[in-house]
$ cat structure_20.txt   # compact mmCIF, C-alpha atoms and all ligand atoms
# COMPACT_ATOMS: atom_id res chain seq x y z
CA MET A 1410 158.49 42.65 159.38
CA LEU A 1411 160.55 45.63 158.24
CA LEU A 1412 162.15 46.42 161.62
CA LYS A 1413 162.88 43.00 163.07
CA ASP A 1414 165.31 43.21 166.05
CA LYS A 1415 165.62 46.99 165.77
CA VAL A 1416 165.49 49.20 168.88
CA ALA A 1417 163.63 52.49 168.52
CA VAL A 1418 162.96 55.57 170.65
CA VAL A 1419 159.89 57.68 169.79
CA THR A 1420 159.52 61.03 171.56
CA GLY A 1421 155.96 62.20 172.16
CA GLY A 1422 154.92 58.59 171.67
CA THR A 1423 151.93 58.74 174.01
CA ARG A 1424 149.26 59.89 171.54
CA GLY A 1425 148.57 61.16 168.03
CA ILE A 1426 151.18 60.63 165.34
CA GLY A 1427 153.80 59.44 167.86
CA LEU A 1428 151.56 56.69 169.23
CA ALA A 1429 150.71 55.59 165.68
CA VAL A 1430 154.45 55.37 164.92
CA VAL A 1431 155.06 53.34 168.09
CA LYS A 1432 152.31 50.87 167.11
CA LYS A 1433 153.55 50.63 163.51
CA PHE A 1434 157.14 49.96 164.61
CA LEU A 1435 155.98 47.30 167.10
CA GLU A 1436 153.91 45.60 164.36
CA HIS A 1437 157.09 45.41 162.29
CA GLY A 1438 159.17 43.70 164.96
CA ALA A 1439 160.95 46.59 166.68
CA SER A 1440 161.40 47.04 170.42
CA VAL A 1441 160.18 50.53 171.21
CA VAL A 1442 160.86 52.91 174.08
CA LEU A 1443 158.37 55.74 174.02
CA PHE A 1444 159.24 59.05 175.63
CA GLY A 1445 156.35 61.09 177.02
CA SER A 1446 156.13 64.26 179.04
CA ARG A 1447 154.60 62.63 182.14
CA PRO A 1448 154.80 59.13 183.70
CA GLU A 1449 150.97 58.91 183.77
CA THR A 1450 150.58 59.48 180.02
CA VAL A 1451 153.43 57.04 179.33
CA ASP A 1452 151.73 54.38 181.47
CA LYS A 1453 148.37 55.03 179.80
CA ALA A 1454 149.83 54.63 176.29
CA ILE A 1455 151.65 51.42 177.24
CA ALA A 1456 148.47 50.03 178.83
CA GLU A 1457 146.52 50.83 175.63
CA ILE A 1458 149.09 49.04 173.49
CA LYS A 1459 149.34 46.03 175.80
CA ALA A 1460 145.55 45.70 175.97
CA GLU A 1461 145.65 44.97 172.22
CA HIS A 1462 149.01 43.16 172.14
CA PRO A 1463 150.04 41.80 175.57
CA ASP A 1464 153.46 40.72 174.25
CA ALA A 1465 154.32 44.07 172.66
CA ALA A 1466 157.99 44.96 173.24
CA VAL A 1467 157.25 48.46 174.50
CA THR A 1468 158.51 50.39 177.51
CA GLY A 1469 158.48 54.07 178.37
CA MET A 1470 160.26 56.95 180.07
CA SER A 1471 159.52 60.59 180.74
CA PRO A 1472 162.78 62.54 180.47
CA SER A 1473 162.74 66.30 180.18
CA LEU A 1474 163.43 66.63 176.45
CA THR A 1475 164.70 70.20 176.76
CA GLU A 1476 167.43 69.38 179.29
CA ALA A 1477 170.65 67.87 177.96
CA ALA A 1478 171.45 65.84 181.10
CA SER A 1479 167.99 64.31 181.23
CA VAL A 1480 168.02 63.37 177.52
CA THR A 1481 171.53 61.88 177.72
CA GLU A 1482 170.58 59.86 180.79
CA ALA A 1483 167.46 58.48 179.07
CA ILE A 1484 169.29 57.53 175.85
CA GLN A 1485 172.06 55.88 177.89
CA ALA A 1486 169.41 53.95 179.83
CA VAL A 1487 168.01 52.65 176.52
CA GLN A 1488 171.51 51.59 175.46
CA ALA A 1489 172.08 49.91 178.82
CA GLN A 1490 168.78 48.02 178.60
CA TYR A 1491 168.86 46.96 174.94
CA GLY A 1492 172.55 47.19 174.09
CA ARG A 1493 171.84 49.48 171.12
CA LEU A 1494 169.66 52.18 169.59
CA ASP A 1495 168.85 51.85 165.89
CA ILE A 1496 166.09 54.41 165.32
CA LEU A 1497 165.30 57.77 166.92
CA VAL A 1498 162.00 59.46 166.03
CA ASN A 1499 161.88 63.08 167.16
CA ASN A 1500 158.14 63.62 167.21
CA ALA A 1501 157.20 65.57 170.38
CA GLY A 1502 156.00 69.00 169.37
CA ILE A 1503 153.68 71.85 170.31
CA SER A 1504 152.11 74.73 168.43
CA ALA A 1505 150.35 78.04 169.09
CA ARG A 1506 148.25 80.15 166.73
CA GLU A 1507 148.76 83.59 168.34
CA SER A 1508 149.15 86.61 166.12
CA LEU A 1509 152.53 88.31 166.25
CA TYR A 1510 151.01 91.21 168.22
CA ASN A 1511 149.93 88.90 171.04
CA TYR A 1512 152.80 86.41 170.86
CA THR A 1513 154.83 86.45 174.07
CA THR A 1514 158.55 85.80 174.23
CA GLU A 1515 157.81 82.93 176.62
CA GLN A 1516 155.47 81.28 174.09
CA PHE A 1517 158.04 81.62 171.33
CA GLU A 1518 160.81 80.19 173.51
CA LYS A 1519 158.62 77.31 174.70
CA ILE A 1520 157.92 76.24 171.11
CA MET A 1521 161.56 76.57 170.08
CA ASN A 1522 162.70 74.67 173.16
CA LEU A 1523 160.63 71.60 172.44
CA ASN A 1524 160.35 71.68 168.64
CA VAL A 1525 163.99 72.54 167.93
CA ASN A 1526 166.28 72.32 170.98
CA ALA A 1527 164.91 68.91 172.00
CA VAL A 1528 165.48 67.60 168.45
CA PHE A 1529 169.08 68.77 168.67
CA LEU A 1530 169.58 67.25 172.15
CA CYS A 1531 168.00 63.89 171.29
CA ALA A 1532 169.86 63.66 167.97
CA LYS A 1533 173.16 64.47 169.70
CA ALA A 1534 172.68 61.84 172.40
CA ALA A 1535 171.41 59.18 169.98
CA ALA A 1536 174.06 59.81 167.30
CA SER A 1537 176.84 59.06 169.79
CA VAL A 1538 175.34 55.62 170.44
CA MET A 1539 174.64 55.02 166.74
CA LYS A 1540 178.15 56.01 165.67
CA GLU A 1541 179.66 53.63 168.21
CA GLN A 1542 177.53 50.71 166.97
CA GLY A 1543 178.14 51.43 163.27
CA GLY A 1544 175.01 53.29 162.17
CA GLY A 1545 171.39 54.20 162.75
CA VAL A 1546 168.45 56.26 161.60
CA ILE A 1547 167.10 59.58 162.88
CA ILE A 1548 163.69 60.79 161.69
CA ASN A 1549 162.40 64.22 162.64
CA THR A 1550 158.83 65.44 162.50
CA SER A 1551 158.46 68.53 160.39
CA SER A 1552 155.22 69.92 158.97
CA MET A 1553 153.74 71.17 155.72
CA VAL A 1554 154.03 74.67 157.22
CA SER A 1555 157.82 74.25 156.99
CA LEU A 1556 157.42 74.92 153.27
CA TYR A 1557 155.09 77.94 153.21
CA GLY A 1558 154.80 79.33 156.75
CA GLN A 1559 151.32 80.02 158.09
CA PRO A 1560 149.24 83.17 158.49
CA ALA A 1561 149.26 83.18 162.32
CA GLY A 1562 151.46 81.61 164.97
CA CYS A 1563 154.86 82.31 163.40
CA GLY A 1564 156.82 80.37 166.06
CA TYR A 1565 155.52 76.98 164.95
CA PRO A 1566 156.48 77.22 161.25
CA ALA A 1567 159.76 78.86 162.25
CA SER A 1568 160.50 75.85 164.45
CA LYS A 1569 159.69 73.44 161.63
CA PHE A 1570 161.89 75.34 159.15
CA ALA A 1571 164.64 74.82 161.76
CA VAL A 1572 163.80 71.10 161.95
CA ASN A 1573 164.31 70.88 158.17
CA GLY A 1574 167.63 72.68 158.55
CA LEU A 1575 168.78 70.27 161.25
CA THR A 1576 167.62 67.34 159.13
CA LYS A 1577 169.50 68.38 156.00
CA SER A 1578 172.63 69.43 157.88
CA LEU A 1579 172.80 66.35 160.10
CA ALA A 1580 172.27 64.10 157.06
CA ARG A 1581 175.38 65.66 155.53
CA GLU A 1582 177.37 65.52 158.75
CA LEU A 1583 176.42 62.03 159.91
CA GLY A 1584 176.39 60.17 156.57
CA ARG A 1585 180.00 59.17 157.09
CA ASP A 1586 178.95 57.45 160.33
CA ASN A 1587 176.27 55.50 158.46
CA ILE A 1588 173.52 57.46 160.19
CA ARG A 1589 170.64 58.46 157.90
CA VAL A 1590 168.65 61.57 158.87
CA ASN A 1591 165.28 62.38 157.31
CA ALA A 1592 162.05 64.15 158.22
CA VAL A 1593 158.38 63.50 157.66
CA ALA A 1594 156.30 66.61 156.97
CA PRO A 1595 152.67 65.81 157.77
CA GLY A 1596 149.79 67.89 156.51
CA VAL A 1597 146.64 68.31 158.57
CA THR A 1598 146.41 65.04 160.51
CA ARG A 1599 143.60 63.84 162.79
CA THR A 1600 145.22 64.21 166.26
CA ASP A 1601 144.64 66.21 169.47
CA MET A 1602 146.75 69.02 167.98
CA VAL A 1603 144.21 69.40 165.18
CA ALA A 1604 141.18 68.73 167.40
CA ALA A 1605 142.24 71.82 169.35
CA LEU A 1606 141.69 73.97 166.23
CA PRO A 1607 138.26 75.54 165.69
CA GLU A 1608 136.15 73.87 162.97
CA ALA A 1609 136.10 77.23 161.16
CA MET A 1610 139.84 76.86 160.72
CA ILE A 1611 139.82 73.19 159.64
CA GLN A 1612 137.18 73.43 156.90
CA PRO A 1613 139.02 76.03 154.79
CA LEU A 1614 142.16 73.91 155.19
CA VAL A 1615 140.40 70.80 153.90
CA ALA A 1616 139.16 72.79 150.92
CA THR A 1617 142.80 73.34 149.86
CA ILE A 1618 143.73 69.64 150.00
CA PRO A 1619 143.56 67.93 146.60
CA LEU A 1620 142.82 64.57 148.24
CA GLY A 1621 139.81 66.27 149.86
CA ARG A 1622 140.33 65.14 153.46
CA ILE A 1623 142.71 65.38 156.37
CA GLY A 1624 145.26 62.61 156.98
CA GLU A 1625 145.10 59.79 159.51
CA PRO A 1626 147.96 59.22 162.00
CA GLU A 1627 148.52 55.75 160.55
CA GLU A 1628 149.09 57.20 157.07
CA VAL A 1629 151.82 59.41 158.52
CA ALA A 1630 153.25 56.49 160.52
CA ASN A 1631 153.67 54.54 157.27
CA ALA A 1632 156.12 57.19 156.04
CA PHE A 1633 158.13 56.88 159.27
CA LEU A 1634 158.18 53.10 158.80
CA PHE A 1635 159.55 53.43 155.27
CA LEU A 1636 162.28 55.88 156.33
CA ALA A 1637 163.21 53.78 159.38
CA SER A 1638 163.52 50.59 157.36
CA ASP A 1639 166.19 49.31 155.00
CA LEU A 1640 163.79 50.08 152.12
CA ALA A 1641 165.12 53.63 152.54
CA SER A 1642 168.77 52.57 152.82
CA TYR A 1643 169.92 55.20 150.26
CA VAL A 1644 167.53 57.96 151.40
CA THR A 1645 168.97 60.68 153.63
CA GLY A 1646 168.48 64.44 153.98
CA GLU A 1647 164.93 64.12 152.65
CA ILE A 1648 161.80 65.94 153.89
CA LEU A 1649 158.98 63.57 152.95
CA SER A 1650 155.60 65.32 152.65
CA VAL A 1651 152.54 63.32 153.72
CA ASP A 1652 149.89 65.96 153.17
CA GLY A 1653 147.55 65.05 150.30
CA ALA A 1654 149.37 67.74 148.25
CA ALA A 1655 148.01 70.44 150.57
CA MET A 1656 149.20 74.01 150.15
CA ASN A 1657 148.05 76.29 152.94
P1 LIG A 1701 149.69 65.69 169.80
O1 LIG A 1701 149.45 66.96 170.50
O2 LIG A 1701 148.56 64.73 169.59
O3 LIG A 1701 150.91 64.91 170.42
C1 LIG A 1701 152.08 65.59 170.76
C2 LIG A 1701 152.99 64.66 171.50
O4 LIG A 1701 154.08 65.43 171.99
C3 LIG A 1701 152.32 64.01 172.69
O5 LIG A 1701 152.74 62.66 172.80
C4 LIG A 1701 152.83 64.83 173.86
O6 LIG A 1701 152.91 64.10 175.06
C5 LIG A 1701 154.22 65.20 173.38
N1 LIG A 1701 154.70 66.37 174.10
C6 LIG A 1701 154.13 67.59 174.15
N2 LIG A 1701 154.87 68.38 174.95
C7 LIG A 1701 155.91 67.62 175.39
C8 LIG A 1701 157.02 67.87 176.23
N3 LIG A 1701 157.23 69.06 176.79
N4 LIG A 1701 157.88 66.87 176.45
C9 LIG A 1701 157.70 65.66 175.88
N5 LIG A 1701 156.69 65.38 175.07
C10 LIG A 1701 155.80 66.35 174.84
O7 LIG A 1701 150.32 66.13 168.42
P2 LIG A 1701 150.48 65.40 167.01
O8 LIG A 1701 149.55 66.04 166.10
O9 LIG A 1701 150.51 63.93 167.13
O10 LIG A 1701 151.92 65.96 166.64
C11 LIG A 1701 153.09 65.17 166.63
C12 LIG A 1701 154.11 65.86 165.79
O11 LIG A 1701 153.59 66.02 164.47
C13 LIG A 1701 154.49 67.27 166.27
O12 LIG A 1701 155.87 67.48 166.11
C14 LIG A 1701 153.71 68.16 165.34
O13 LIG A 1701 154.31 69.41 165.20
C15 LIG A 1701 153.73 67.36 164.07
N6 LIG A 1701 152.66 67.69 163.11
C16 LIG A 1701 151.38 67.45 163.39
C17 LIG A 1701 150.42 67.78 162.44
C18 LIG A 1701 148.96 67.54 162.67
O14 LIG A 1701 148.15 67.99 161.84
N7 LIG A 1701 148.54 66.85 163.69
C19 LIG A 1701 150.79 68.35 161.22
C20 LIG A 1701 152.13 68.57 160.98
C21 LIG A 1701 153.07 68.23 161.93

$ encode --input "structure_20.txt" --output "structure tokens"
Amino acid sequence: MLLKDKVAVVTGGTRGIGLAVVKKFLEHGASVVLFGSRPETVDKAIAEIKAEHPDAAVTGMSPSLTEAASVTEAIQAVQAQYGRLDILVNNAGISARESLYNYTTEQFEKIMNLNVNAVFLCAKAAASVMKEQGGGVIINTSSMVSLYGQPAGCGYPASKFAVNGLTKSLARELGRDNIRVNAVAPGVTRTDMVAALPEAMIQPLVATIPLGRIGEPEEVANAFLFLASDLASYVTGEILSVDGAAMN
């Protein structure tokens, strides 16, 4: 039980890596509020969790992560309900693989809005609560493409480079408030985001992974658990790769 009595928010907690993180945190004693984009997907995820563990301490909300007022209201509702917020996981994210020539301004802005602006808004709202209570942990979801870029779809790696920048800067700024800020940088992980890629794109990727396979959401969730727990009490400003040593 690494997170006993902790209260956590996980954005994009309805499926994929986010849902695996929610389940892992619950297993380790945390109360978890998952944020999803729609009430239906939030309800579905909670029903799935409760079918396995009827007593799981999980609830959900569907704030608009790209609107400051909505994010602040949701974080304040968590504080009102639980009296605190110990862990924020910024996980919601989208990607697109368009070439630069076809990339629209709207697509670029949509990716930046969710992958970067929402991280800023959620961190800002959560840090205020954490500072007031004497500390907390923020973990962002980066990507292996935040190290090398990728050959198509420049908006996604650009957004993840920005996530690393926020992570390192906020770690420096918020350390004095006892708030640790880290990121997990997954490699190719078996989720809907990857299922949407054509097989012809996945196979060459797998060929570049020394461990010879793509990662499982639970393997990525384990890294979030470590960073969220007191085992990582002196770790901040770190981008932890969970990618089988992939290099795309
Ligand atoms: P996914 O598509 O399976 O899940 C994405 C999650 O984000 C979902 O819960 C979805 O509801 C949520 N979301 C999407 N748009 C939203 C919005 N507008 N508002 C609120 N929530 C929204 O993806 P995943 O693979 O689990 O990805 C999770 C994170 O991991 C993302 O930040 C992604 O960039 C990152 N990542 C994934 C991989 C991978 O290979 N799967 C690799 C590196 C990084």

$ residues_around --input "structure_20.txt" --residues "segment 1505-1512 of chain A" --least-positions-apart "5" --cutoff "7 Å" --atoms "all atoms listed in the file" --output "ChimeraX atom specification"
/A:1561-1562,1565

$ closest_atom_pairs --input "structure_20.txt" --of "chain A" --to "ligand LIG 1701 (chain A)" --cutoff "7 Å" --atoms "only C-alpha atoms and all ligand atoms" --output "tab-separated table"
residue	atom	partner	partner_atom	distance
A:Thr1420	CA	A:LIG1701	N5	6.3
A:Gly1421	CA	A:LIG1701	O5	3.3
A:Gly1422	CA	A:LIG1701	O5	4.8
A:Thr1423	CA	A:LIG1701	O5	4.2
A:Arg1424	CA	A:LIG1701	O5	4.6
A:Gly1425	CA	A:LIG1701	O9	3.5
A:Ile1426	CA	A:LIG1701	O9	3.8
A:Gly1427	CA	A:LIG1701	O9	5.6
A:Phe1444	CA	A:LIG1701	C9	6.8
A:Gly1445	CA	A:LIG1701	N5	4.7
A:Ser1446	CA	A:LIG1701	C9	3.8
A:Ser1473	CA	A:LIG1701	N4	6.2
A:Leu1474	CA	A:LIG1701	N4	5.6
A:Asn1500	CA	A:LIG1701	O12	4.6
A:Ala1501	CA	A:LIG1701	O4	3.5
A:Gly1502	CA	A:LIG1701	O12	3.6
A:Ile1503	CA	A:LIG1701	O13	5.7
A:Ser1504	CA	A:LIG1701	O13	6.6
A:Leu1523	CA	A:LIG1701	N3	6.1
A:Asn1524	CA	A:LIG1701	O12	6.6
A:Thr1550	CA	A:LIG1701	O12	5.1
A:Ser1551	CA	A:LIG1701	C21	5.6
A:Ser1552	CA	A:LIG1701	C20	3.9
A:Met1553	CA	A:LIG1701	C20	6.1
A:Ala1594	CA	A:LIG1701	C20	6.1
A:Pro1595	CA	A:LIG1701	C20	4.3
A:Gly1596	CA	A:LIG1701	C19	4.8
A:Val1597	CA	A:LIG1701	O14	3.6
A:Thr1598	CA	A:LIG1701	O14	3.7
A:Arg1599	CA	A:LIG1701	N7	5.9
A:Thr1600	CA	A:LIG1701	O8	4.7
A:Asp1601	CA	A:LIG1701	O2	4.2
A:Met1602	CA	A:LIG1701	O1	4.2
A:Val1603	CA	A:LIG1701	N7	5.2

$ residues_around --input "structure_20.txt" --residues "Ile1455 of chain A" --least-positions-apart "3" --cutoff "9 Å" --atoms "only C-alpha atoms" --output "list of chain:residue names"
A:Thr1423, A:Leu1443, A:Thr1450, A:Val1451, A:Asp1452, A:Ile1458, A:Lys1459, A:Ala1460, A:Val1467, A:Thr1468, A:Gly1469

$ closest_residue --input "structure_20.txt" --among "A:Thr1475, A:Asn1549, A:Lys1453, A:Val1431" --to "Asn1526 of chain A" --atoms "all atoms listed in the file"
A:Thr1475

$ atom_distance --input "structure_20.txt" --atom1 "atom CA of Lys1413 of chain A" --atom2 "atom CA of Ile1548 of chain A"
17.9 Å

$ residues_near_point --input "structure_20.txt" --point "(138.3, 69.1, 150.5)" --cutoff "12 Å" --atoms "all atoms listed in the file" --output "PDB file with C-alpha atoms, keeping the file's coordinate frame"
ATOM      1  CA  VAL A1597     146.640  68.310 158.570  1.00  0.00           C
ATOM      2  CA  ILE A1611     139.820  73.190 159.640  1.00  0.00           C
ATOM      3  CA  GLN A1612     137.180  73.430 156.900  1.00  0.00           C
ATOM      4  CA  PRO A1613     139.020  76.030 154.790  1.00  0.00           C
ATOM      5  CA  LEU A1614     142.160  73.910 155.190  1.00  0.00           C
ATOM      6  CA  VAL A1615     140.400  70.800 153.900  1.00  0.00           C
ATOM      7  CA  ALA A1616     139.160  72.790 150.920  1.00  0.00           C
ATOM      8  CA  THR A1617     142.800  73.340 149.860  1.00  0.00           C
ATOM      9  CA  ILE A1618     143.730  69.640 150.000  1.00  0.00           C
ATOM     10  CA  PRO A1619     143.560  67.930 146.600  1.00  0.00           C
ATOM     11  CA  LEU A1620     142.820  64.570 148.240  1.00  0.00           C
ATOM     12  CA  GLY A1621     139.810  66.270 149.860  1.00  0.00           C
ATOM     13  CA  ARG A1622     140.330  65.140 153.460  1.00  0.00           C
ATOM     14  CA  ILE A1623     142.710  65.380 156.370  1.00  0.00           C
ATOM     15  CA  GLY A1624     145.260  62.610 156.980  1.00  0.00           C
ATOM     16  CA  GLY A1653     147.550  65.050 150.300  1.00  0.00           C
ATOM     17  CA  ALA A1654     149.370  67.740 148.250  1.00  0.00           C
ATOM     18  CA  ALA A1655     148.010  70.440 150.570  1.00  0.00           C
ATOM     19  CA  MET A1656     149.200  74.010 150.150  1.00  0.00           C
TER      20      MET A1656
END

$ residues_around --input "structure_20.txt" --residues "Gly1545 of chain A" --least-positions-apart "5" --cutoff "7 Å" --atoms "all atoms listed in the file" --output "ChimeraX atom specification"
/A:1495-1496,1539,1587-1589

$ write_last_selection --input "structure_20.txt" --atoms "C-alpha atoms" --output "compact mmCIF listing (two decimals), keeping the file's coordinate frame"
# COMPACT_ATOMS: atom_id res chain seq x y z
CA ASP A 1495 168.85 51.85 165.89
CA ILE A 1496 166.09 54.41 165.32
CA MET A 1539 174.64 55.02 166.74
CA ASN A 1587 176.27 55.50 158.46
CA ILE A 1588 173.52 57.46 160.19
CA ARG A 1589 170.64 58.46 157.90

$ closest_residue --input "structure_20.txt" --among "A:Leu1494, A:Val1525, A:Val1487, A:Ala1571" --to "Gln1542 of chain A" --atoms "all atoms listed in the file"
A:Leu1494

$ residues_around --input "structure_20.txt" --residues "Arg1585 of chain A" --least-positions-apart "5" --cutoff "10 Å" --atoms "only C-alpha atoms" --output "ChimeraX atom specification"
/A:1540,1544,1580

$ residues_near_point --input "structure_20.txt" --point "(170.8, 70.3, 163.6)" --cutoff "9 Å" --atoms "all atoms listed in the file" --output "PyMOL selection string"
chain A and resi 1525-1526+1528-1529+1532-1533+1571-1579

$ atom_distance --input "structure_20.txt" --atom1 "atom CA of Val1498 of chain A" --atom2 "atom CA of Val1430 of chain A"
8.7 Å

$ residues_around --input "structure_20.txt" --residues "Ala1632 of chain A" --least-positions-apart "5" --cutoff "8 Å" --atoms "all atoms listed in the file" --output "list of chain:residue names"
A:Val1593, A:Leu1649, A:Val1651

$ closest_residue --input "structure_20.txt" --among "A:Pro1607, A:Leu1583, A:Leu1530, A:Gly1438" --to "Ala1483 of chain A" --atoms "all atoms listed in the file"
A:Leu1530

$ atom_distance --input "structure_20.txt" --atom1 "atom CA of Glu1476 of chain A" --atom2 "atom CA of Leu1497 of chain A"
17.1 Å

$ closest_residue --input "structure_20.txt" --among "A:Gly1558, A:Gly1564, A:Gly1646, A:Pro1626" --to "Gly1584 of chain A" --atoms "only C-alpha atoms"
A:Gly1646

$ decode --input "structure_20.txt" --residues "segment 1467-1475 of chain A" --atoms "all heavy atoms" --output "mmCIF file, in the first residue's frame"
data_model
loop_
_atom_site.group_PDB
_atom_site.id
_atom_site.type_symbol
_atom_site.label_atom_id
_atom_site.label_comp_id
_atom_site.auth_asym_id
_atom_site.auth_seq_id
_atom_site.Cartn_x
_atom_site.Cartn_y
_atom_site.Cartn_z
ATOM 1 N N VAL A 1467 -13.446 5.256 -5.923
ATOM 2 C CA VAL A 1467 -13.279 6.005 -7.174
ATOM 3 C C VAL A 1467 -14.554 6.773 -7.517
ATOM 4 O O VAL A 1467 -15.657 6.257 -7.365
ATOM 5 C CB VAL A 1467 -12.874 5.051 -8.333
ATOM 6 C CG1 VAL A 1467 -13.926 3.979 -8.589
ATOM 7 C CG2 VAL A 1467 -12.581 5.829 -9.606
ATOM 8 N N THR A 1468 -14.369 8.013 -7.930
ATOM 9 C CA THR A 1468 -15.473 8.829 -8.440
ATOM 10 C C THR A 1468 -14.970 9.503 -9.718
ATOM 11 O O THR A 1468 -13.804 9.350 -10.079
ATOM 12 C CB THR A 1468 -15.910 9.915 -7.428
ATOM 13 O OG1 THR A 1468 -14.772 10.728 -7.120
ATOM 14 C CG2 THR A 1468 -16.472 9.311 -6.154
ATOM 15 N N GLY A 1469 -15.857 10.241 -10.379
ATOM 16 C CA GLY A 1469 -15.418 10.855 -11.630
ATOM 17 C C GLY A 1469 -16.109 12.167 -11.921
ATOM 18 O O GLY A 1469 -17.140 12.492 -11.328
ATOM 19 N N MET A 1470 -15.496 12.912 -12.820
ATOM 20 C CA MET A 1470 -16.042 14.203 -13.271
ATOM 21 C C MET A 1470 -15.641 14.395 -14.721
ATOM 22 O O MET A 1470 -14.697 13.760 -15.194
ATOM 23 C CB MET A 1470 -15.412 15.357 -12.496
ATOM 24 C CG MET A 1470 -15.855 15.499 -11.088
ATOM 25 S SD MET A 1470 -15.060 17.004 -10.457
ATOM 26 C CE MET A 1470 -14.873 16.518 -8.805
ATOM 27 N N SER A 1471 -16.326 15.311 -15.399
ATOM 28 C CA SER A 1471 -15.949 15.578 -16.793
ATOM 29 C C SER A 1471 -15.833 17.086 -17.049
ATOM 30 O O SER A 1471 -16.605 17.648 -17.828
ATOM 31 C CB SER A 1471 -16.937 14.929 -17.751
ATOM 32 O OG SER A 1471 -18.263 15.200 -17.356
ATOM 33 N N PRO A 1472 -14.853 17.721 -16.385
ATOM 34 C CA PRO A 1472 -14.653 19.152 -16.648
ATOM 35 C C PRO A 1472 -14.046 19.355 -18.033
ATOM 36 O O PRO A 1472 -13.471 18.431 -18.598
ATOM 37 C CB PRO A 1472 -13.634 19.555 -15.573
ATOM 38 C CG PRO A 1472 -12.860 18.314 -15.303
ATOM 39 C CD PRO A 1472 -13.837 17.175 -15.462
ATOM 40 N N SER A 1473 -14.176 20.552 -18.542
ATOM 41 C CA SER A 1473 -13.485 20.885 -19.789
ATOM 42 C C SER A 1473 -12.054 21.278 -19.423
ATOM 43 O O SER A 1473 -11.823 22.338 -18.825
ATOM 44 C CB SER A 1473 -14.198 22.041 -20.493
ATOM 45 O OG SER A 1473 -13.392 22.451 -21.573
ATOM 46 N N LEU A 1474 -11.102 20.419 -19.765
ATOM 47 C CA LEU A 1474 -9.719 20.595 -19.289
ATOM 48 C C LEU A 1474 -9.016 21.800 -19.907
ATOM 49 O O LEU A 1474 -7.964 22.210 -19.424
ATOM 50 C CB LEU A 1474 -8.896 19.339 -19.574
ATOM 51 C CG LEU A 1474 -9.322 18.069 -18.830
ATOM 52 C CD1 LEU A 1474 -8.414 16.903 -19.210
ATOM 53 C CD2 LEU A 1474 -9.298 18.280 -17.318
ATOM 54 N N THR A 1475 -9.602 22.343 -20.965
ATOM 55 C CA THR A 1475 -8.946 23.479 -21.627
ATOM 56 C C THR A 1475 -9.551 24.818 -21.209
ATOM 57 O O THR A 1475 -9.204 25.852 -21.760
ATOM 58 C CB THR A 1475 -9.015 23.311 -23.161
ATOM 59 O OG1 THR A 1475 -10.382 23.152 -23.534
ATOM 60 C CG2 THR A 1475 -8.228 22.106 -23.614
#
